[in-house]
Amino acid sequence: MSATESDAGMSADYVRIFDTTLRDGEQSPGCTMNVEEKVAIAQQLERLNVDIIEAGFAASSPGDFESVRRIAEALTNPTILSLSRTRDEDVDAALRAVERSKRPGIHIFIATSDIHMKYKLNMTREDVLDAATVAVRRAKQHLDYIEFSCEDASRSDWSFMAKVCSEVIRAGARIINLPDTTGHAIPSEYGEMFDYMRAHVEGAEKVIWSAHCHNDLGLAVANSLAAISHGARQVECTLNGIGERAGNTSMEEVVMALKTRRDLMKVDSRVNTRQIYPASRLLAQIIGQPVPANKPIVGDNAFAHEAGIHQDGVLKNKLTYEIMRPEDIGIPSNKLVLGKHSGRHAFVNRLRELGIDPATIDVQKAFAAFKELCDKKKVVYDDDILALANEERRTADAFEIVDLEVGSSSGTEPRARVSLRIEGQTHTAEATGDGMVDACYKAIYRIVGLTPALERYAVKAITGGTDALGEVSCMLRENGMTVAGQGAHSDIVMASALALVNALNRLKARRSSLETRPLGGP
Ligand code: KIV
Ligand code: ZN
């Protein structure tokens with residue numbers, strides 16, 4: 001395995017976009033995805049033209065290993081990395097997982113701050129320096145594209161970190177990442193750290209410097225831009241800014257800041273910004289976490305002008321209040337798309353425009369569901385189509401709803417009768433409850449034999465009207481593990497059942513992957 005200098009674009013002056021939605025992003029509560037879902041996101045990231053995808057942490061679980069391997073096989077253009085600690089078994093698992101990629105790479109990290117070394121690693125500075133160099137040397141025997149990260153860089157001693165970076169560059173690292181792991185940095189100091197490291201590290205001019213910021217103080221994007229102004233040429237980020245705790249640098253925000261303020265920043269990314277909106281919506285659908293309306297770039301209100309003075313200005317000239325064009329982000333100007341007379345061809349085309357590869361879903365079933373929806377609703381919107389496509393991606397799940405019957409009248413307790421398919425067998429249970437959704441949830445819990453805490457339950461009409469497709473998102477917690485689920489249907493009780501079953505499937509998958517999980521996460 002090897003990647004050439006030009007493969008990695010080491011010499012060109014642009015900002016490499018390193019997407020870690022599938023690794024750091026997936027670590028945030030309720031954001032777990034199954035292999036098929038991760039492949040679908042990775043394919044959309046390829047359409048976005050990101051430079052690097054961190055597909056997972058291969059040694060952390062068989063499920064993660066499989067996701068990295070599948071993504072490495074499926075994609076052509078981006079470099080595919082696996083995260084790895086400095087242990088031999090981590091490095092070997094990462095190398096095996098990416099070996100079929102056209103552009104394989106590895107991302108090795110170890111903490112360099114005194115607090116992490118003392119309390120988390122129980123290692124001395126010399127131990128850390130040695131472990132980092134040995135791991136990079138080991139990986140270098142098999143591939144060329146090696147990124148090295150000093151975890152908790154922003155709280156590390158700069159001169160020690162410079163020593164570690166000089167050694168790993170000598171051992172073969174080609175990208176050096178300085179994470180603000182705890183989201184503690186302020187833009188001016190984060191930028192200064194890059195100046196210091198670029199001035200004091202031996203071989204600094206041979207590598208790409210990378211920023212990786214967390215959003216604990218709401219400064220992740222600002223810190224990433226400061227790093228770029230001080231010489232970083234790679235930003236690590238996630239779609240919708242998902243990630244540990246308060247999240248990571250939001251890809252759409254950093255990419256659009258570079259594009260919109262090119263006059264000041266002087267460099268840009270190579271992202272196809274028209275794929276941003278489909279990517280953001282696809283992720284929101286898959287993880288069941290809606291995009292907040294006021295989220296910059298992709299939120300429903302990002303281009304909505306409410307105040308009369310603003311509306312008047314925009315009608316006269318959009319530039320009065322709009323610094324970006326919605327079409328550059330891929331926001332459809334007309335969300336009304338298809339109706340009952342639309343054919344399969346138009347439906348498949350629309351799926352592609354929305355960033356869904358028809359090969360990743362059962363198009364026949366999705367089209368049949370679309371036709372059924374057209375009979376119930378006069379107009380079908382983009383978000384309805386995304387929801388339908390997402391439902392079809394769930395065929396390989398452990399639990400599947402076969403039938404749902406609910407009943408309620410004044411004076412009687414609401415009741416539900418649910419049938420689920422589990423490993424080819426149909427199981428049925430009945431229950432009564434405080435409402436039809438409660439009764440339905442009780443019947444489902446009875447069948448699967450699980451009673452996780454329901455931490456969140458929210459209903460949203462995806463598009464307007466009483467005939468709208470209802471979208472339910474829920475979050476379950478069991479033994480410290482949190483999973484989200486989502487369901488869409490024109491019947492709200494059915495949408496609720498789909499959301500619960502979706503979350504239970506994730507919980508089951510997560511449990512079995514943890515049963516065989518040999519190592520903890522970063
Ligand atoms: O935040 C962090 O330090 C990380 C590293 C593993 C790169 O995610
Ligand atoms: Zn991180």
# chains A, B, ... in the order shown; residues from 1 in each chain; ligands from 1
call {"tool": "residues_near_ligand", "arguments": {"ligand": "ligand 2", "cutoff": "7 Å", "atoms": "only C-alpha atoms and all ligand atoms", "output": "list of chain:residue names"}}
result
A:Asp24, A:Pro179, A:Thr181, A:His212, A:Cys213, A:His214, A:Glu244, A:Asn248
call {"tool": "select_by_dssp", "arguments": {"residues": "region 89-327 of chain A", "states": "alpha helix (DSSP H)", "output": "MDAnalysis selection string"}}
result
chainID A and resid 89:98 114:115 125:140 158:171 187:200 220:229 251:260 262:265 276:287 308:316 326:327
call {"tool": "residues_around", "arguments": {"residues": "Ser409 (chain A)", "least_positions_apart": "4", "cutoff": "12 Å", "atoms": "only C-alpha atoms", "output": "JSON, numbers by chain"}}
result
{"A": [413, 414, 415, 435, 436]}
call {"tool": "closest_residue", "arguments": {"among": "A:Asp144, A:Glu66, A:Asp13, A:Glu151", "to": "ligand 1", "atoms": "only C-alpha atoms and all ligand atoms"}}
result
A:Glu151
call {"tool": "closest_atom_pairs", "arguments": {"of": "chain A", "to": "ligand 1", "cutoff": "10 Å", "atoms": "only C-alpha atoms and all ligand atoms", "output": "JSON lines"}}
result
{"residue": "A:Thr20", "atom": "CA", "partner": "ligand 1", "partner_atom_place_in_ligand_line": "8 (O)", "distance": 8.6}
{"residue": "A:Arg23", "atom": "CA", "partner": "ligand 1", "partner_atom_place_in_ligand_line": "8 (O)", "distance": 8.3}
{"residue": "A:Asp24", "atom": "CA", "partner": "ligand 1", "partner_atom_place_in_ligand_line": "8 (O)", "distance": 5.8}
{"residue": "A:Gly25", "atom": "CA", "partner": "ligand 1", "partner_atom_place_in_ligand_line": "8 (O)", "distance": 9.3}
{"residue": "A:Gln27", "atom": "CA", "partner": "ligand 1", "partner_atom_place_in_ligand_line": "8 (O)", "distance": 9.5}
{"residue": "A:Phe57", "atom": "CA", "partner": "ligand 1", "partner_atom_place_in_ligand_line": "6 (C)", "distance": 9.5}
{"residue": "A:Leu83", "atom": "CA", "partner": "ligand 1", "partner_atom_place_in_ligand_line": "6 (C)", "distance": 7.2}
{"residue": "A:Ser84", "atom": "CA", "partner": "ligand 1", "partner_atom_place_in_ligand_line": "6 (C)", "distance": 8.3}
{"residue": "A:Arg85", "atom": "CA", "partner": "ligand 1", "partner_atom_place_in_ligand_line": "6 (C)", "distance": 8.4}
{"residue": "A:His107", "atom": "CA", "partner": "ligand 1", "partner_atom_place_in_ligand_line": "7 (C)", "distance": 8.0}
{"residue": "A:Ile108", "atom": "CA", "partner": "ligand 1", "partner_atom_place_in_ligand_line": "6 (C)", "distance": 8.0}
{"residue": "A:Phe109", "atom": "CA", "partner": "ligand 1", "partner_atom_place_in_ligand_line": "6 (C)", "distance": 5.9}
{"residue": "A:Ile110", "atom": "CA", "partner": "ligand 1", "partner_atom_place_in_ligand_line": "6 (C)", "distance": 7.7}
{"residue": "A:Ala111", "atom": "CA", "partner": "ligand 1", "partner_atom_place_in_ligand_line": "3 (O)", "distance": 7.8}
{"residue": "A:Glu147", "atom": "CA", "partner": "ligand 1", "partner_atom_place_in_ligand_line": "7 (C)", "distance": 9.7}
{"residue": "A:Phe148", "atom": "CA", "partner": "ligand 1", "partner_atom_place_in_ligand_line": "7 (C)", "distance": 8.4}
{"residue": "A:Ser149", "atom": "CA", "partner": "ligand 1", "partner_atom_place_in_ligand_line": "7 (C)", "distance": 5.6}
{"residue": "A:Cys150", "atom": "CA", "partner": "ligand 1", "partner_atom_place_in_ligand_line": "3 (O)", "distance": 7.2}
{"residue": "A:Glu151", "atom": "CA", "partner": "ligand 1", "partner_atom_place_in_ligand_line": "3 (O)", "distance": 4.2}
{"residue": "A:Asp152", "atom": "CA", "partner": "ligand 1", "partner_atom_place_in_ligand_line": "3 (O)", "distance": 5.6}
{"residue": "A:Ala153", "atom": "CA", "partner": "ligand 1", "partner_atom_place_in_ligand_line": "3 (O)", "distance": 7.7}
{"residue": "A:Ser154", "atom": "CA", "partner": "ligand 1", "partner_atom_place_in_ligand_line": "3 (O)", "distance": 9.5}
{"residue": "A:Asn177", "atom": "CA", "partner": "ligand 1", "partner_atom_place_in_ligand_line": "7 (C)", "distance": 7.3}
{"residue": "A:Leu178", "atom": "CA", "partner": "ligand 1", "partner_atom_place_in_ligand_line": "3 (O)", "distance": 7.9}
{"residue": "A:Pro179", "atom": "CA", "partner": "ligand 1", "partner_atom_place_in_ligand_line": "3 (O)", "distance": 4.9}
{"residue": "A:Asp180", "atom": "CA", "partner": "ligand 1", "partner_atom_place_in_ligand_line": "1 (O)", "distance": 6.3}
{"residue": "A:Thr181", "atom": "CA", "partner": "ligand 1", "partner_atom_place_in_ligand_line": "1 (O)", "distance": 3.7}
{"residue": "A:Thr182", "atom": "CA", "partner": "ligand 1", "partner_atom_place_in_ligand_line": "1 (O)", "distance": 7.0}
{"residue": "A:Gly183", "atom": "CA", "partner": "ligand 1", "partner_atom_place_in_ligand_line": "1 (O)", "distance": 8.5}
{"residue": "A:Ala211", "atom": "CA", "partner": "ligand 1", "partner_atom_place_in_ligand_line": "7 (C)", "distance": 9.4}
{"residue": "A:His212", "atom": "CA", "partner": "ligand 1", "partner_atom_place_in_ligand_line": "1 (O)", "distance": 6.6}
{"residue": "A:Cys213", "atom": "CA", "partner": "ligand 1", "partner_atom_place_in_ligand_line": "1 (O)", "distance": 6.8}
{"residue": "A:His214", "atom": "CA", "partner": "ligand 1", "partner_atom_place_in_ligand_line": "1 (O)", "distance": 6.7}
{"residue": "A:Glu236", "atom": "CA", "partner": "ligand 1", "partner_atom_place_in_ligand_line": "7 (C)", "distance": 8.7}
{"residue": "A:Gly243", "atom": "CA", "partner": "ligand 1", "partner_atom_place_in_ligand_line": "8 (O)", "distance": 8.9}
{"residue": "A:Glu244", "atom": "CA", "partner": "ligand 1", "partner_atom_place_in_ligand_line": "1 (O)", "distance": 8.0}
{"residue": "A:Gly247", "atom": "CA", "partner": "ligand 1", "partner_atom_place_in_ligand_line": "1 (O)", "distance": 9.8}
{"residue": "A:Asn248", "atom": "CA", "partner": "ligand 1", "partner_atom_place_in_ligand_line": "1 (O)", "distance": 8.3}
{"residue": "A:Gly521", "atom": "CA", "partner": "ligand 1", "partner_atom_place_in_ligand_line": "6 (C)", "distance": 9.0}
{"residue": "A:Pro522", "atom": "CA", "partner": "ligand 1", "partner_atom_place_in_ligand_line": "6 (C)", "distance": 5.8}
call {"tool": "residues_around", "arguments": {"residues": "Cys440 (chain A)", "least_positions_apart": "2", "cutoff": "10 Å", "atoms": "only C-alpha atoms", "output": "list of chain:residue names"}}
result
A:Leu404, A:Glu405, A:Val406, A:Pro414, A:Arg415, A:Ala416, A:Arg417, A:Val418, A:Ala429, A:Glu430, A:Ala431, A:Thr432, A:Gly433, A:Gly435, A:Met436, A:Val437, A:Asp438, A:Lys442, A:Ala443, A:Ile444, A:Tyr445, A:Arg446, A:Val493, A:Met494, A:Ser496, A:Ala497, A:Leu500
call {"tool": "residues_around", "arguments": {"residues": "Arg510 (chain A)", "least_positions_apart": "5", "cutoff": "9 Å", "atoms": "only C-alpha atoms", "output": "short mmCIF file (atom, residue, chain, number, x, y, z; two decimals) with N, CA and C atoms, in the first residue's frame"}}
result
data_model
loop_
_atom_site.label_atom_id
_atom_site.label_comp_id
_atom_site.auth_asym_id
_atom_site.auth_seq_id
_atom_site.Cartn_x
_atom_site.Cartn_y
_atom_site.Cartn_z
N THR A 32 -25.22 6.73 17.08
CA THR A 32 -24.67 5.50 16.51
C THR A 32 -25.37 5.15 15.19
N ASN A 34 -25.55 2.07 11.90
CA ASN A 34 -25.14 0.72 11.51
C ASN A 34 -24.27 0.80 10.25
N GLY A 63 -17.79 -4.30 14.84
CA GLY A 63 -18.69 -3.48 14.02
C GLY A 63 -17.95 -2.30 13.40
N MET A 481 -25.89 3.43 27.99
CA MET A 481 -25.80 3.52 26.53
C MET A 481 -27.02 4.28 26.00
N VAL A 483 -29.25 5.48 22.62
CA VAL A 483 -29.46 5.30 21.18
C VAL A 483 -30.69 6.10 20.75
N ASN A 505 -33.44 -1.70 17.59
CA ASN A 505 -32.49 -2.37 16.69
C ASN A 505 -31.08 -1.84 16.90
N GLU A 515 -20.38 -6.59 23.26
CA GLU A 515 -20.05 -7.88 23.88
C GLU A 515 -18.71 -8.39 23.42
#
call {"tool": "closest_atom_pairs", "arguments": {"of": "region 283-383 of chain A", "to": "region 252-260 of chain A", "cutoff": "9 Å", "atoms": "only C-alpha atoms", "output": "Markdown table"}}
result
| residue | atom | partner | partner_atom | distance |
| --- | --- | --- | --- | --- |
| A:Pro296 | CA | A:Glu253 | CA | 6.8 |
| A:Ile297 | CA | A:Glu253 | CA | 6.5 |
| A:Val298 | CA | A:Glu252 | CA | 7.7 |
| A:Ile323 | CA | A:Thr260 | CA | 7.3 |
| A:Met324 | CA | A:Thr260 | CA | 6.9 |
| A:Ile329 | CA | A:Met256 | CA | 8.5 |
call {"tool": "closest_residue", "arguments": {"among": "A:Val348, A:Met161, A:Ile422, A:Ala284", "to": "Met33 (chain A)", "atoms": "only C-alpha atoms"}}
result
A:Ala284
call {"tool": "atom_distance", "arguments": {"atom1": "CA of Gly487 (chain A)", "atom2": "CA of Leu48 (chain A)"}}
result
26.4 Å
call {"tool": "closest_residue", "arguments": {"among": "A:Met123, A:Ala55, A:Ala509, A:Val39", "to": "Thr21 (chain A)", "atoms": "only C-alpha atoms"}}
result
A:Ala55
call {"tool": "select_by_dssp", "arguments": {"residues": "region 185-349 of chain A", "states": "strand (DSSP E)", "output": "JSON, numbers by chain"}}
result
{"A": [208, 209, 210, 211, 212, 213, 234, 235, 236, 237, 336, 337, 338]}
call {"tool": "write_last_selection", "arguments": {"atoms": "C-alpha atoms", "output": "CSV table (one decimal), in the first residue's frame"}}
result
chain,number,residue,atom,x,y,z
A,208,ILE,CA,0.4,19.3,6.6
A,209,TRP,CA,-0.7,20.9,9.8
A,210,SER,CA,-4.2,20.1,10.9
A,211,ALA,CA,-6.8,21.5,13.3
A,212,HIS,CA,-9.3,19.4,15.3
A,213,CYS,CA,-11.6,21.4,17.6
A,234,GLN,CA,-6.4,20.7,7.1
A,235,VAL,CA,-9.5,21.0,9.2
A,236,GLU,CA,-11.2,18.0,10.9
A,237,CYS,CA,-14.9,18.4,11.1
A,336,LEU,CA,-42.6,20.8,-3.7
A,337,VAL,CA,-41.3,18.1,-5.9
A,338,LEU,CA,-43.5,15.1,-6.9
call {"tool": "residues_around", "arguments": {"residues": "Leu388 (chain A)", "least_positions_apart": "5", "cutoff": "12 Å", "atoms": "only C-alpha atoms", "output": "PyMOL selection string"}}
result
chain A and resi 282+285-286+347+351+356+361-373+380-383+393-394+462+469-471+486-490+495+498
call {"tool": "atom_distance", "arguments": {"atom1": "CA of Glu73 (chain A)", "atom2": "CA of Phe18 (chain A)"}}
result
18.4 Å
call {"tool": "residues_around", "arguments": {"residues": "region 157-160 of chain A", "least_positions_apart": "2", "cutoff": "10 Å", "atoms": "only C-alpha atoms", "output": "PDB file with N, CA, C and O atoms, in the first residue's frame"}}
result
ATOM      1  N   THR A 112      -0.632  14.115  24.881  1.00  0.00           N
ATOM      2  CA  THR A 112       0.660  14.721  25.226  1.00  0.00           C
ATOM      3  C   THR A 112       0.545  15.723  26.377  1.00  0.00           C
ATOM      4  O   THR A 112       1.541  16.318  26.769  1.00  0.00           O
ATOM      5  N   SER A 113      -0.664  15.924  26.914  1.00  0.00           N
ATOM      6  CA  SER A 113      -0.774  16.877  28.041  1.00  0.00           C
ATOM      7  C   SER A 113      -0.399  16.143  29.330  1.00  0.00           C
ATOM      8  O   SER A 113      -0.644  14.936  29.470  1.00  0.00           O
ATOM      9  N   ASP A 114       0.179  16.900  30.266  1.00  0.00           N
ATOM     10  CA  ASP A 114       0.597  16.269  31.524  1.00  0.00           C
ATOM     11  C   ASP A 114      -0.585  15.620  32.233  1.00  0.00           C
ATOM     12  O   ASP A 114      -0.480  14.515  32.757  1.00  0.00           O
ATOM     13  N   ARG A 125       6.633  11.250  30.080  1.00  0.00           N
ATOM     14  CA  ARG A 125       6.844  11.898  28.780  1.00  0.00           C
ATOM     15  C   ARG A 125       7.679  10.993  27.872  1.00  0.00           C
ATOM     16  O   ARG A 125       7.395  10.875  26.676  1.00  0.00           O
ATOM     17  N   GLU A 126       8.697  10.344  28.452  1.00  0.00           N
ATOM     18  CA  GLU A 126       9.578   9.467  27.638  1.00  0.00           C
ATOM     19  C   GLU A 126       8.776   8.295  27.082  1.00  0.00           C
ATOM     20  O   GLU A 126       8.939   7.902  25.924  1.00  0.00           O
ATOM     21  N   LEU A 129       6.670   9.549  24.163  1.00  0.00           N
ATOM     22  CA  LEU A 129       7.511   9.826  22.993  1.00  0.00           C
ATOM     23  C   LEU A 129       7.876   8.516  22.299  1.00  0.00           C
ATOM     24  O   LEU A 129       7.773   8.384  21.064  1.00  0.00           O
ATOM     25  N   ALA A 153      -3.720  18.583  22.702  1.00  0.00           N
ATOM     26  CA  ALA A 153      -2.597  19.460  22.337  1.00  0.00           C
ATOM     27  C   ALA A 153      -2.727  20.842  22.971  1.00  0.00           C
ATOM     28  O   ALA A 153      -1.741  21.417  23.445  1.00  0.00           O
ATOM     29  N   SER A 154      -3.953  21.374  22.996  1.00  0.00           N
ATOM     30  CA  SER A 154      -4.116  22.757  23.466  1.00  0.00           C
ATOM     31  C   SER A 154      -3.805  22.905  24.952  1.00  0.00           C
ATOM     32  O   SER A 154      -3.659  24.024  25.436  1.00  0.00           O
ATOM     33  N   ARG A 155      -3.701  21.787  25.692  1.00  0.00           N
ATOM     34  CA  ARG A 155      -3.314  21.890  27.111  1.00  0.00           C
ATOM     35  C   ARG A 155      -1.960  21.205  27.340  1.00  0.00           C
ATOM     36  O   ARG A 155      -1.617  20.844  28.467  1.00  0.00           O
ATOM     37  N   ALA A 162       6.564  19.705  20.655  1.00  0.00           N
ATOM     38  CA  ALA A 162       7.424  19.920  19.478  1.00  0.00           C
ATOM     39  C   ALA A 162       8.416  18.762  19.332  1.00  0.00           C
ATOM     40  O   ALA A 162       8.715  18.315  18.220  1.00  0.00           O
ATOM     41  N   LYS A 163       8.892  18.254  20.479  1.00  0.00           N
ATOM     42  CA  LYS A 163       9.828  17.130  20.439  1.00  0.00           C
ATOM     43  C   LYS A 163       9.133  15.872  19.878  1.00  0.00           C
ATOM     44  O   LYS A 163       9.655  15.173  19.006  1.00  0.00           O
ATOM     45  N   VAL A 164       7.902  15.618  20.384  1.00  0.00           N
ATOM     46  CA  VAL A 164       7.142  14.442  19.914  1.00  0.00           C
ATOM     47  C   VAL A 164       6.901  14.566  18.402  1.00  0.00           C
ATOM     48  O   VAL A 164       7.126  13.619  17.634  1.00  0.00           O
ATOM     49  N   CYS A 165       6.478  15.755  17.967  1.00  0.00           N
ATOM     50  CA  CYS A 165       6.158  15.931  16.537  1.00  0.00           C
ATOM     51  C   CYS A 165       7.417  15.766  15.681  1.00  0.00           C
ATOM     52  O   CYS A 165       7.365  15.135  14.609  1.00  0.00           O
ATOM     53  N   SER A 166       8.550  16.298  16.132  1.00  0.00           N
ATOM     54  CA  SER A 166       9.793  16.156  15.360  1.00  0.00           C
ATOM     55  C   SER A 166      10.120  14.664  15.183  1.00  0.00           C
ATOM     56  O   SER A 166      10.488  14.220  14.085  1.00  0.00           O
ATOM     57  N   MET A 193      -0.306  28.633  18.854  1.00  0.00           N
ATOM     58  CA  MET A 193       0.275  27.289  19.022  1.00  0.00           C
ATOM     59  C   MET A 193       0.760  26.755  17.656  1.00  0.00           C
ATOM     60  O   MET A 193       1.828  26.144  17.560  1.00  0.00           O
ATOM     61  N   PHE A 194      -0.002  27.013  16.600  1.00  0.00           N
ATOM     62  CA  PHE A 194       0.428  26.572  15.269  1.00  0.00           C
ATOM     63  C   PHE A 194       1.706  27.304  14.855  1.00  0.00           C
ATOM     64  O   PHE A 194       2.627  26.703  14.288  1.00  0.00           O
ATOM     65  N   TYR A 196       4.024  28.478  16.823  1.00  0.00           N
ATOM     66  CA  TYR A 196       5.128  27.944  17.618  1.00  0.00           C
ATOM     67  C   TYR A 196       5.579  26.595  17.054  1.00  0.00           C
ATOM     68  O   TYR A 196       6.768  26.357  16.829  1.00  0.00           O
ATOM     69  N   MET A 197       4.615  25.735  16.804  1.00  0.00           N
ATOM     70  CA  MET A 197       4.968  24.376  16.349  1.00  0.00           C
ATOM     71  C   MET A 197       5.611  24.417  14.966  1.00  0.00           C
ATOM     72  O   MET A 197       6.588  23.715  14.710  1.00  0.00           O
ATOM     73  N   HIS A 200       9.200  25.480  15.550  1.00  0.00           N
ATOM     74  CA  HIS A 200      10.094  24.697  16.408  1.00  0.00           C
ATOM     75  C   HIS A 200      10.193  23.208  16.076  1.00  0.00           C
ATOM     76  O   HIS A 200      11.046  22.517  16.626  1.00  0.00           O
ATOM     77  N   VAL A 201       9.307  22.711  15.231  1.00  0.00           N
ATOM     78  CA  VAL A 201       9.340  21.266  14.931  1.00  0.00           C
ATOM     79  C   VAL A 201      10.284  21.009  13.752  1.00  0.00           C
ATOM     80  O   VAL A 201      10.193  21.691  12.722  1.00  0.00           O
TER      81      VAL A 201
END
call {"tool": "closest_residue", "arguments": {"among": "A:Ser410, A:Thr273, A:Asn301, A:Thr482", "to": "Leu504 (chain A)", "atoms": "only C-alpha atoms"}}
result
A:Thr482
call {"tool": "closest_residue", "arguments": {"among": "A:Ala131, A:Ala139, A:Ile41, A:Ile71", "to": "Val91 (chain A)", "atoms": "only C-alpha atoms"}}
result
A:Ala139
call {"tool": "atom_distance", "arguments": {"atom1": "CA of Thr76 (chain A)", "atom2": "CA of Lys102 (chain A)"}}
result
6.1 Å
